[in-house]
$ cat structure-v5.cif   # mmCIF, C-alpha atoms
data_model
#
loop_
_atom_site.group_PDB
_atom_site.id
_atom_site.type_symbol
_atom_site.label_atom_id
_atom_site.label_comp_id
_atom_site.auth_asym_id
_atom_site.auth_seq_id
_atom_site.Cartn_x
_atom_site.Cartn_y
_atom_site.Cartn_z
ATOM 1 C CA MET A 1 121.708 123.479 220.188
ATOM 2 C CA ASN A 2 121.852 121.832 216.784
ATOM 3 C CA TYR A 3 119.076 119.258 216.762
ATOM 4 C CA PHE A 4 120.118 117.961 213.337
ATOM 5 C CA ASN A 5 123.305 116.583 214.864
ATOM 6 C CA ASP A 6 121.412 115.159 217.832
ATOM 7 C CA LEU A 7 118.954 113.423 215.515
ATOM 8 C CA LYS A 8 121.640 112.135 213.118
ATOM 9 C CA LEU A 9 119.765 113.972 210.367
ATOM 10 C CA ASP A 10 121.527 115.802 207.553
ATOM 11 C CA PRO A 11 118.701 117.744 205.884
ATOM 12 C CA ARG A 12 120.817 118.564 202.830
ATOM 13 C CA THR A 13 120.727 114.916 201.823
ATOM 14 C CA LYS A 14 117.049 114.340 202.604
ATOM 15 C CA PRO A 15 114.832 116.599 200.485
ATOM 16 C CA LEU A 16 111.132 116.837 201.265
ATOM 17 C CA GLN A 17 109.330 113.906 199.744
ATOM 18 C CA PRO A 18 105.924 114.019 197.996
ATOM 19 C CA ASP A 19 103.257 113.523 200.626
ATOM 20 C CA PRO A 20 99.534 112.769 200.219
ATOM 21 C CA ARG A 21 98.808 115.406 202.855
ATOM 22 C CA CYS A 22 100.209 118.075 200.516
ATOM 23 C CA THR A 23 97.999 116.896 197.663
ATOM 24 C CA ASN A 24 94.887 117.025 199.841
ATOM 25 C CA CYS A 25 95.812 120.457 201.200
ATOM 26 C CA LEU A 26 96.393 121.880 197.722
ATOM 27 C CA ALA A 27 93.117 120.453 196.434
ATOM 28 C CA GLU A 28 91.316 122.096 199.364
ATOM 29 C CA LEU A 29 93.139 125.352 198.618
ATOM 30 C CA SER A 30 91.802 125.249 195.063
ATOM 31 C CA GLU A 31 88.236 124.839 196.329
ATOM 32 C CA ASP A 32 88.681 127.680 198.840
ATOM 33 C CA VAL A 33 89.901 130.066 196.154
ATOM 34 C CA ILE A 34 87.080 129.062 193.776
ATOM 35 C CA ARG A 35 84.641 130.138 196.493
ATOM 36 C CA MET A 36 86.648 133.253 197.357
ATOM 37 C CA VAL A 37 86.670 134.650 193.816
ATOM 38 C CA GLY A 38 83.054 133.667 193.226
ATOM 39 C CA VAL A 39 83.371 131.300 190.265
ATOM 40 C CA LYS A 40 79.673 130.547 189.686
ATOM 41 C CA ALA A 41 79.569 128.722 186.351
ATOM 42 C CA LEU A 42 79.735 124.967 186.876
ATOM 43 C CA THR A 43 81.712 124.522 183.659
ATOM 44 C CA SER A 44 84.348 126.951 184.948
ATOM 45 C CA GLN A 45 84.487 125.197 188.310
ATOM 46 C CA GLU A 46 84.940 121.818 186.656
ATOM 47 C CA HIS A 47 87.612 123.218 184.349
ATOM 48 C CA ILE A 48 89.553 124.505 187.364
ATOM 49 C CA ARG A 49 89.180 121.168 189.171
ATOM 50 C CA SER A 50 90.350 119.292 186.091
ATOM 51 C CA GLU A 51 93.377 121.569 185.693
ATOM 52 C CA THR A 52 94.133 121.258 189.406
ATOM 53 C CA LYS A 53 94.269 117.459 189.106
ATOM 54 C CA LYS A 54 96.637 117.763 186.135
ATOM 55 C CA ILE A 55 98.883 120.172 188.026
ATOM 56 C CA LEU A 56 98.984 117.915 191.085
ATOM 57 C CA ALA A 57 99.979 114.954 188.916
ATOM 58 C CA GLU A 58 102.628 116.996 187.112
ATOM 59 C CA SER A 59 103.920 118.302 190.426
ATOM 60 C CA GLU A 60 104.520 114.776 191.721
ATOM 61 C CA HIS A 61 106.212 113.762 188.455
ATOM 62 C CA LYS A 62 108.483 116.822 188.313
ATOM 63 C CA GLY A 63 109.150 117.115 192.024
ATOM 64 C CA TRP A 64 107.727 120.592 192.481
ATOM 65 C CA SER A 65 107.467 121.978 195.999
ATOM 66 C CA SER A 66 104.049 122.653 197.493
ATOM 67 C CA PRO A 67 104.400 126.451 196.996
ATOM 68 C CA GLU A 68 105.326 125.965 193.330
ATOM 69 C CA THR A 69 102.307 123.717 192.864
ATOM 70 C CA ALA A 70 100.010 126.178 194.639
ATOM 71 C CA ASN A 71 101.303 128.942 192.373
ATOM 72 C CA GLU A 72 100.385 126.971 189.253
ATOM 73 C CA ILE A 73 96.877 126.292 190.593
ATOM 74 C CA LEU A 74 96.343 129.953 191.434
ATOM 75 C CA ARG A 75 97.457 131.016 187.958
ATOM 76 C CA VAL A 76 94.742 128.811 186.473
ATOM 77 C CA ILE A 77 92.086 130.207 188.829
ATOM 78 C CA ARG A 78 93.099 133.807 188.133
ATOM 79 C CA GLY A 79 92.921 133.129 184.403
ATOM 80 C CA VAL A 80 89.484 131.507 184.548
ATOM 81 C CA SER A 81 87.925 133.927 187.047
ATOM 82 C CA GLY A 82 89.490 137.139 185.754
ATOM 83 C CA VAL A 83 90.294 138.075 189.369
ATOM 84 C CA ALA A 84 93.885 139.279 189.297
ATOM 85 C CA ASP A 85 94.483 139.047 193.050
ATOM 86 C CA PRO A 86 92.095 136.721 194.926
ATOM 87 C CA TYR A 87 93.653 137.623 198.285
ATOM 88 C CA LYS A 88 93.580 141.399 197.835
ATOM 89 C CA THR A 89 90.925 142.026 200.490
ATOM 90 C CA VAL A 90 92.506 139.471 202.852
ATOM 91 C CA LYS A 91 95.880 141.200 202.559
ATOM 92 C CA SER A 92 94.372 144.647 203.100
ATOM 93 C CA GLU A 93 92.763 143.588 206.377
ATOM 94 C CA GLU A 94 95.871 141.660 207.427
ATOM 95 C CA MET A 95 98.092 144.691 206.826
ATOM 96 C CA ALA A 96 95.833 147.085 208.737
ATOM 97 C CA ARG A 97 95.434 144.857 211.760
ATOM 98 C CA ALA A 98 99.089 143.745 211.800
ATOM 99 C CA GLU A 99 100.203 147.390 211.794
ATOM 100 C CA SER A 100 97.937 148.078 214.767
ATOM 101 C CA VAL A 101 99.315 145.132 216.762
ATOM 102 C CA PHE A 102 102.887 146.061 215.846
ATOM 103 C CA SER A 103 102.310 149.588 217.170
ATOM 104 C CA GLU A 104 101.116 148.105 220.471
ATOM 105 C CA VAL A 105 103.990 145.651 221.003
ATOM 106 C CA LYS A 106 107.057 147.259 219.411
ATOM 107 C CA ASP A 107 108.155 148.994 222.618
ATOM 108 C CA GLN A 108 108.142 145.651 224.465
ATOM 109 C CA VAL A 109 110.951 144.330 222.287
ATOM 110 C CA GLY A 110 114.675 144.766 222.897
ATOM 111 C CA ASN A 111 117.184 145.995 220.306
ATOM 112 C CA ASP A 112 119.406 142.902 220.246
ATOM 113 C CA LEU A 113 119.311 140.381 217.409
ATOM 114 C CA ARG A 114 117.550 137.646 219.383
ATOM 115 C CA SER A 115 114.759 139.939 220.530
ATOM 116 C CA LEU A 116 114.197 141.243 217.005
ATOM 117 C CA ALA A 117 114.261 137.735 215.531
ATOM 118 C CA ASN A 118 111.705 136.709 218.149
ATOM 119 C CA LEU A 119 109.360 139.459 216.980
ATOM 120 C CA ALA A 120 109.912 138.534 213.326
ATOM 121 C CA ILE A 121 109.186 134.850 213.896
ATOM 122 C CA LEU A 122 106.044 135.721 215.854
ATOM 123 C CA GLY A 123 104.967 137.633 212.751
ATOM 124 C CA ASN A 124 105.223 134.350 210.863
ATOM 125 C CA SER A 125 102.149 133.249 212.832
ATOM 126 C CA LEU A 126 100.181 134.982 210.073
ATOM 127 C CA ASP A 127 99.039 132.441 207.500
ATOM 128 C CA PHE A 128 96.261 132.104 204.925
ATOM 129 C CA PHE A 129 95.226 128.791 206.559
ATOM 130 C CA ARG A 130 94.964 130.318 210.047
ATOM 131 C CA SER A 131 92.480 132.667 211.690
ATOM 132 C CA LEU A 132 93.792 136.234 211.663
ATOM 133 C CA ASP A 133 92.348 136.783 215.139
ATOM 134 C CA ASP A 134 94.231 133.787 216.566
ATOM 135 C CA ALA A 135 97.502 134.726 214.878
ATOM 136 C CA LEU A 136 97.454 138.338 216.061
ATOM 137 C CA ALA A 137 96.385 137.360 219.584
ATOM 138 C CA GLY A 138 99.368 135.023 219.791
ATOM 139 C CA ILE A 139 101.725 137.804 218.701
ATOM 140 C CA SER A 140 100.325 140.192 221.318
ATOM 141 C CA GLU A 141 100.611 137.602 224.088
ATOM 142 C CA GLN A 142 104.180 136.504 223.290
ATOM 143 C CA ALA A 143 105.847 139.736 222.163
ATOM 144 C CA GLY A 144 108.774 140.601 224.404
ATOM 145 C CA THR A 145 108.934 137.127 225.957
ATOM 146 C CA GLU A 146 111.667 134.505 225.675
ATOM 147 C CA LEU A 147 110.947 132.042 222.889
ATOM 148 C CA VAL A 148 112.166 128.473 222.567
ATOM 149 C CA TYR A 149 113.471 127.445 219.137
ATOM 150 C CA PHE A 150 113.546 123.834 218.016
ATOM 151 C CA GLN A 151 116.516 124.764 215.820
ATOM 152 C CA ASP A 152 118.458 127.787 217.035
ATOM 153 C CA ASP A 153 121.232 129.112 214.775
ATOM 154 C CA LEU A 154 120.785 132.781 215.677
ATOM 155 C CA ALA A 155 124.360 132.944 216.976
ATOM 156 C CA ARG A 156 125.626 132.002 213.505
ATOM 157 C CA LEU A 157 123.651 134.835 211.969
ATOM 158 C CA GLN A 158 125.079 137.242 214.545
ATOM 159 C CA ASP A 159 128.641 136.054 213.858
ATOM 160 C CA PHE A 160 128.151 136.602 210.139
ATOM 161 C CA LEU A 161 126.604 140.064 210.471
ATOM 162 C CA VAL A 162 129.359 141.483 212.655
ATOM 163 C CA LYS A 163 131.713 140.910 209.713
ATOM 164 C CA GLU A 164 129.754 143.615 207.844
ATOM 165 C CA PRO A 165 128.713 141.623 204.762
ATOM 166 C CA GLY A 166 128.416 143.394 201.439
ATOM 167 C CA LEU A 167 124.910 142.440 200.265
ATOM 168 C CA VAL A 168 122.105 140.785 202.233
ATOM 169 C CA LEU A 169 118.760 139.867 200.664
ATOM 170 C CA TYR A 170 115.731 139.649 202.981
ATOM 171 C CA LEU A 171 113.020 137.482 201.412
ATOM 172 C CA THR A 172 109.573 138.405 202.722
ATOM 173 C CA ASP A 173 106.553 136.165 203.244
ATOM 174 C CA ASN A 174 102.981 137.056 204.249
ATOM 175 C CA ALA A 175 101.879 140.668 203.747
ATOM 176 C CA GLY A 176 101.241 141.609 207.376
ATOM 177 C CA GLU A 177 104.558 140.134 208.507
ATOM 178 C CA VAL A 178 106.480 143.059 207.085
ATOM 179 C CA PHE A 179 105.758 145.158 210.182
ATOM 180 C CA PHE A 180 107.245 142.507 212.471
ATOM 181 C CA ASP A 181 110.169 142.007 210.062
ATOM 182 C CA PHE A 182 110.927 145.718 210.001
ATOM 183 C CA PRO A 183 113.029 145.985 213.210
ATOM 184 C CA LEU A 184 115.095 142.906 212.294
ATOM 185 C CA PHE A 185 115.592 144.249 208.786
ATOM 186 C CA GLN A 186 116.782 147.578 210.225
ATOM 187 C CA TYR A 187 119.247 145.746 212.472
ATOM 188 C CA ILE A 188 120.702 143.937 209.464
ATOM 189 C CA GLN A 189 120.590 147.120 207.379
ATOM 190 C CA ASN A 190 122.727 148.902 209.968
ATOM 191 C CA LEU A 191 125.446 146.210 209.776
ATOM 192 C CA ALA A 192 125.544 145.188 206.102
ATOM 193 C CA ARG A 193 126.841 147.534 203.449
ATOM 194 C CA ARG A 194 123.734 146.896 201.357
ATOM 195 C CA THR A 195 120.439 145.248 202.344
ATOM 196 C CA VAL A 196 117.535 144.657 199.965
ATOM 197 C CA LEU A 197 113.974 143.790 200.951
ATOM 198 C CA VAL A 198 112.591 141.320 198.406
ATOM 199 C CA VAL A 199 108.839 141.148 197.741
ATOM 200 C CA LYS A 200 106.856 139.102 195.246
ATOM 201 C CA GLY A 201 106.537 140.396 191.694
ATOM 202 C CA GLY A 202 102.830 139.546 191.569
ATOM 203 C CA PRO A 203 100.013 138.127 193.689
ATOM 204 C CA GLY A 204 100.308 134.728 195.305
ATOM 205 C CA LEU A 205 98.157 133.717 198.270
ATOM 206 C CA ASN A 206 98.570 136.446 200.924
ATOM 207 C CA ASP A 207 102.229 137.138 200.155
ATOM 208 C CA LEU A 208 103.680 140.640 200.196
ATOM 209 C CA THR A 209 103.958 142.433 196.854
ATOM 210 C CA GLY A 210 105.062 145.952 196.020
ATOM 211 C CA VAL A 211 101.422 147.065 196.086
ATOM 212 C CA GLU A 212 100.992 146.153 199.747
ATOM 213 C CA LEU A 213 104.410 147.476 200.691
ATOM 214 C CA GLU A 214 103.617 150.875 199.193
ATOM 215 C CA SER A 215 100.484 151.048 201.336
ATOM 216 C CA ALA A 216 102.460 150.495 204.548
ATOM 217 C CA ALA A 217 103.499 153.465 206.657
ATOM 218 C CA ILE A 218 106.997 151.972 207.017
ATOM 219 C CA SER A 219 107.592 151.510 203.270
ATOM 220 C CA GLY A 220 109.972 154.466 203.061
ATOM 221 C CA MET A 221 112.128 153.030 205.849
ATOM 222 C CA PHE A 222 113.538 150.308 203.598
ATOM 223 C CA ARG A 223 116.446 151.840 201.715
ATOM 224 C CA GLU A 224 116.210 149.417 198.828
ATOM 225 C CA THR A 225 113.520 147.003 197.668
ATOM 226 C CA MET A 226 113.195 144.632 194.732
ATOM 227 C CA ASP A 227 110.678 142.070 193.573
ATOM 228 C CA THR A 228 111.327 138.555 192.354
ATOM 229 C CA GLY A 229 109.940 139.316 188.912
ATOM 230 C CA THR A 230 107.243 136.679 189.288
ATOM 231 C CA ASP A 231 104.135 135.934 191.291
ATOM 232 C CA GLY A 232 103.500 133.245 193.857
ATOM 233 C CA ALA A 233 104.478 131.999 197.283
ATOM 234 C CA GLY A 234 108.128 131.257 198.019
ATOM 235 C CA ILE A 235 110.605 131.706 195.170
ATOM 236 C CA ASP A 236 109.459 130.244 191.859
ATOM 237 C CA TRP A 237 112.924 129.894 190.332
ATOM 238 C CA ARG A 238 111.525 128.907 186.935
ATOM 239 C CA HIS A 239 110.027 132.369 186.439
ATOM 240 C CA ILE A 240 112.194 134.871 188.339
ATOM 241 C CA SER A 241 113.461 137.952 186.526
ATOM 242 C CA PRO A 242 117.055 138.292 185.273
ATOM 243 C CA ALA A 243 117.440 141.273 187.607
ATOM 244 C CA PHE A 244 116.559 139.223 190.680
ATOM 245 C CA ALA A 245 118.712 136.296 189.530
ATOM 246 C CA SER A 246 121.631 138.695 189.137
ATOM 247 C CA LEU A 247 121.068 140.069 192.627
ATOM 248 C CA VAL A 248 121.138 136.545 194.103
ATOM 249 C CA GLU A 249 124.465 135.904 192.359
ATOM 250 C CA LYS A 250 125.939 139.059 193.909
ATOM 251 C CA ALA A 251 124.615 138.459 197.427
ATOM 252 C CA ASP A 252 126.686 137.431 200.432
ATOM 253 C CA LEU A 253 123.726 136.178 202.476
ATOM 254 C CA ILE A 254 120.025 135.486 202.060
ATOM 255 C CA VAL A 255 117.648 135.794 205.006
ATOM 256 C CA ALA A 256 114.600 133.727 204.016
ATOM 257 C CA LYS A 257 111.480 134.393 206.044
ATOM 258 C CA GLY A 258 108.595 131.947 206.207
ATOM 259 C CA MET A 259 107.924 128.311 205.436
ATOM 260 C CA ALA A 260 107.324 128.743 201.687
ATOM 261 C CA ASN A 261 110.755 130.308 201.315
ATOM 262 C CA PHE A 262 112.262 127.374 203.205
ATOM 263 C CA GLU A 263 110.526 124.887 200.892
ATOM 264 C CA THR A 264 111.648 126.642 197.712
ATOM 265 C CA VAL A 265 115.108 127.919 198.694
ATOM 266 C CA TYR A 266 116.625 125.283 200.999
ATOM 267 C CA PHE A 267 117.009 122.634 198.304
ATOM 268 C CA ARG A 268 118.197 125.072 195.647
ATOM 269 C CA GLU A 269 121.826 125.000 194.572
ATOM 270 C CA LEU A 270 123.324 128.250 195.855
ATOM 271 C CA SER A 271 126.883 129.272 196.589
ATOM 272 C CA ILE A 272 126.083 131.578 199.531
ATOM 273 C CA PRO A 273 124.757 130.915 203.028
ATOM 274 C CA VAL A 274 121.045 131.231 203.754
ATOM 275 C CA PHE A 275 119.422 131.893 207.113
ATOM 276 C CA PHE A 276 115.869 130.574 207.436
ATOM 277 C CA LEU A 277 113.452 131.947 210.010
ATOM 278 C CA PHE A 278 109.977 130.413 210.181
ATOM 279 C CA ARG A 279 107.415 128.405 212.100
ATOM 280 C CA ALA A 280 106.778 124.805 211.021
ATOM 281 C CA LYS A 281 103.067 125.315 210.418
ATOM 282 C CA CYS A 282 102.263 122.109 208.570
ATOM 283 C CA HIS A 283 102.745 118.466 209.550
ATOM 284 C CA VAL A 284 104.894 117.650 206.522
ATOM 285 C CA VAL A 285 107.519 120.287 207.330
ATOM 286 C CA ALA A 286 107.333 119.630 211.075
ATOM 287 C CA ASP A 287 107.836 115.902 210.458
ATOM 288 C CA TYR A 288 110.828 116.664 208.228
ATOM 289 C CA PHE A 289 112.526 118.278 211.217
ATOM 290 C CA LYS A 290 111.093 115.661 213.623
ATOM 291 C CA ALA A 291 109.685 118.642 215.444
ATOM 292 C CA PRO A 292 106.328 119.423 217.083
ATOM 293 C CA MET A 293 103.838 121.349 214.992
ATOM 294 C CA ASP A 294 104.357 125.133 215.020
ATOM 295 C CA SER A 295 107.967 124.779 216.165
ATOM 296 C CA MET A 296 110.166 127.822 215.723
ATOM 297 C CA ILE A 297 113.065 127.276 213.350
ATOM 298 C CA ALA A 298 116.126 129.523 213.033
ATOM 299 C CA LEU A 299 118.249 127.528 210.603
ATOM 300 C CA TRP A 300 121.605 128.394 209.059
ATOM 301 C CA LYS A 301 122.708 126.654 205.862
ATOM 302 C CA ASP A 302 126.304 127.215 204.758
ATOM 303 C CA ASN A 303 125.967 126.110 201.129
ATOM 304 C CA ALA A 304 129.728 125.610 201.086
ATOM 305 C CA ASN A 305 129.164 122.448 199.050
ATOM 306 C CA PRO A 306 125.737 122.970 197.483
ATOM 307 C CA LEU A 307 123.886 119.961 196.194
ATOM 308 C CA LYS A 308 122.248 119.676 192.791
ATOM 309 C CA LEU A 309 118.732 118.571 193.580
#
$ encode --input "structure-v5.cif" --output "structure tokens"
Amino acid sequence: MNYFNDLKLDPRTKPLQPDPRCTNCLAELSEDVIRMVGVKALTSQEHIRSETKKILAESEHKGWSSPETANEILRVIRGVSGVADPYKTVKSEEMARAESVFSEVKDQVGNDLRSLANLAILGNSLDFFRSLDDALAGISEQAGTELVYFQDDLARLQDFLVKEPGLVLYLTDNAGEVFFDFPLFQYIQNLARRTVLVVKGGPGLNDLTGVELESAAISGMFRETMDTGTDGAGIDWRHISPAFASLVEKADLIVAKGMANFETVYFRELSIPVFFLFRAKCHVVADYFKAPMDSMIALWKDNANPLKL
């Protein structure tokens, strides 16, 4: 069912608007990371807070997405603290425990597209704002069960894949999710002539980079991988590498996993369809869809007439 039609809502004409809740969340994120990296000097803390306020103001003026704004804040904190990857330890634990849960549940999941998408979207329960214990428990409890999507365009993805597209890009999200993405990626890889797993080019929150992927037992199962050429959550289009930009231009389809990829890719002018798979884990995004918090979204965007936003 297409809820956008039912709600008389065309999301392509209604971009996410600046919201005070985002500003508060990003300010809290800055404080959390200051504590995480152990910035002790009060002058350094105040410098970070001052820069954070400037970035938040600039973000509202320039219309940056929340992930883009978070990326700018994290760059300042990394520069001041000298800690290259504040979430390194978090990602290491997330990867180890996610792999263990994946090993326990993988045999409960069918081989059809819907079953594999269900497992992948359960993996999107992982989040730097959420308890790892709660997220993994939810995956274990729901793996292999029927899931209800607020927006369900999985049939459109299936129809596209059976045409054997030339190049599909799979944009990853949180580090531990890669295990739950793996079966869906393999399914797509077996249908498309070329499928590329895209990771971040540098640290950003708990997002997957090449470093974490190399540590995973399944890393060799992805025939081709590439990074975005830049750090940060989502896709920071201002800083991506020419190689990644070229790959996007050649692609026939993008599969964008996670909420940050929705926020940074959906409103981008592209000439190819994009399939978004994520949970609406914040009130701003949930309200955009007029959906309950934590709703499951499987959203197809044609991009036949892309907008310049």
$ resolve_selection --input "structure-v5.cif" --expression "the PyMOL selection byres ((chain A and resi 201) around 8)" --output "PyMOL selection string"
chain A and resi 199-200+202-203+209-210+227-231
$ closest_residue --input "structure-v5.cif" --among "A:Ala175, A:Ile254, A:Ala117, A:Val33" --to "Val148 in chain A" --atoms "all atoms listed in the file"
A:Ala117
$ closest_residue --input "structure-v5.cif" --among "A:Thr43, A:Ser271, A:Asn261, A:Thr89" --to "Glu68 in chain A" --atoms "only C-alpha atoms"
A:Asn261
$ atom_distance --input "structure-v5.cif" --atom1 "CA of Gly204 in chain A" --atom2 "CA of Asn71 in chain A"
6.6 Å
$ residues_around --input "structure-v5.cif" --residues "range 38-41 of chain A" --least-positions-apart "5" --cutoff "10 Å" --atoms "all atoms listed in the file" --output "list in words"
Asp32, Val33, Glu46, His47, Ile48, Ile77, Val80, Ser81, Gly82, Val83 and Pro86 of chain A
$ atom_distance --input "structure-v5.cif" --atom1 "CA of Ala251 in chain A" --atom2 "CA of Pro165 in chain A"
9.0 Å
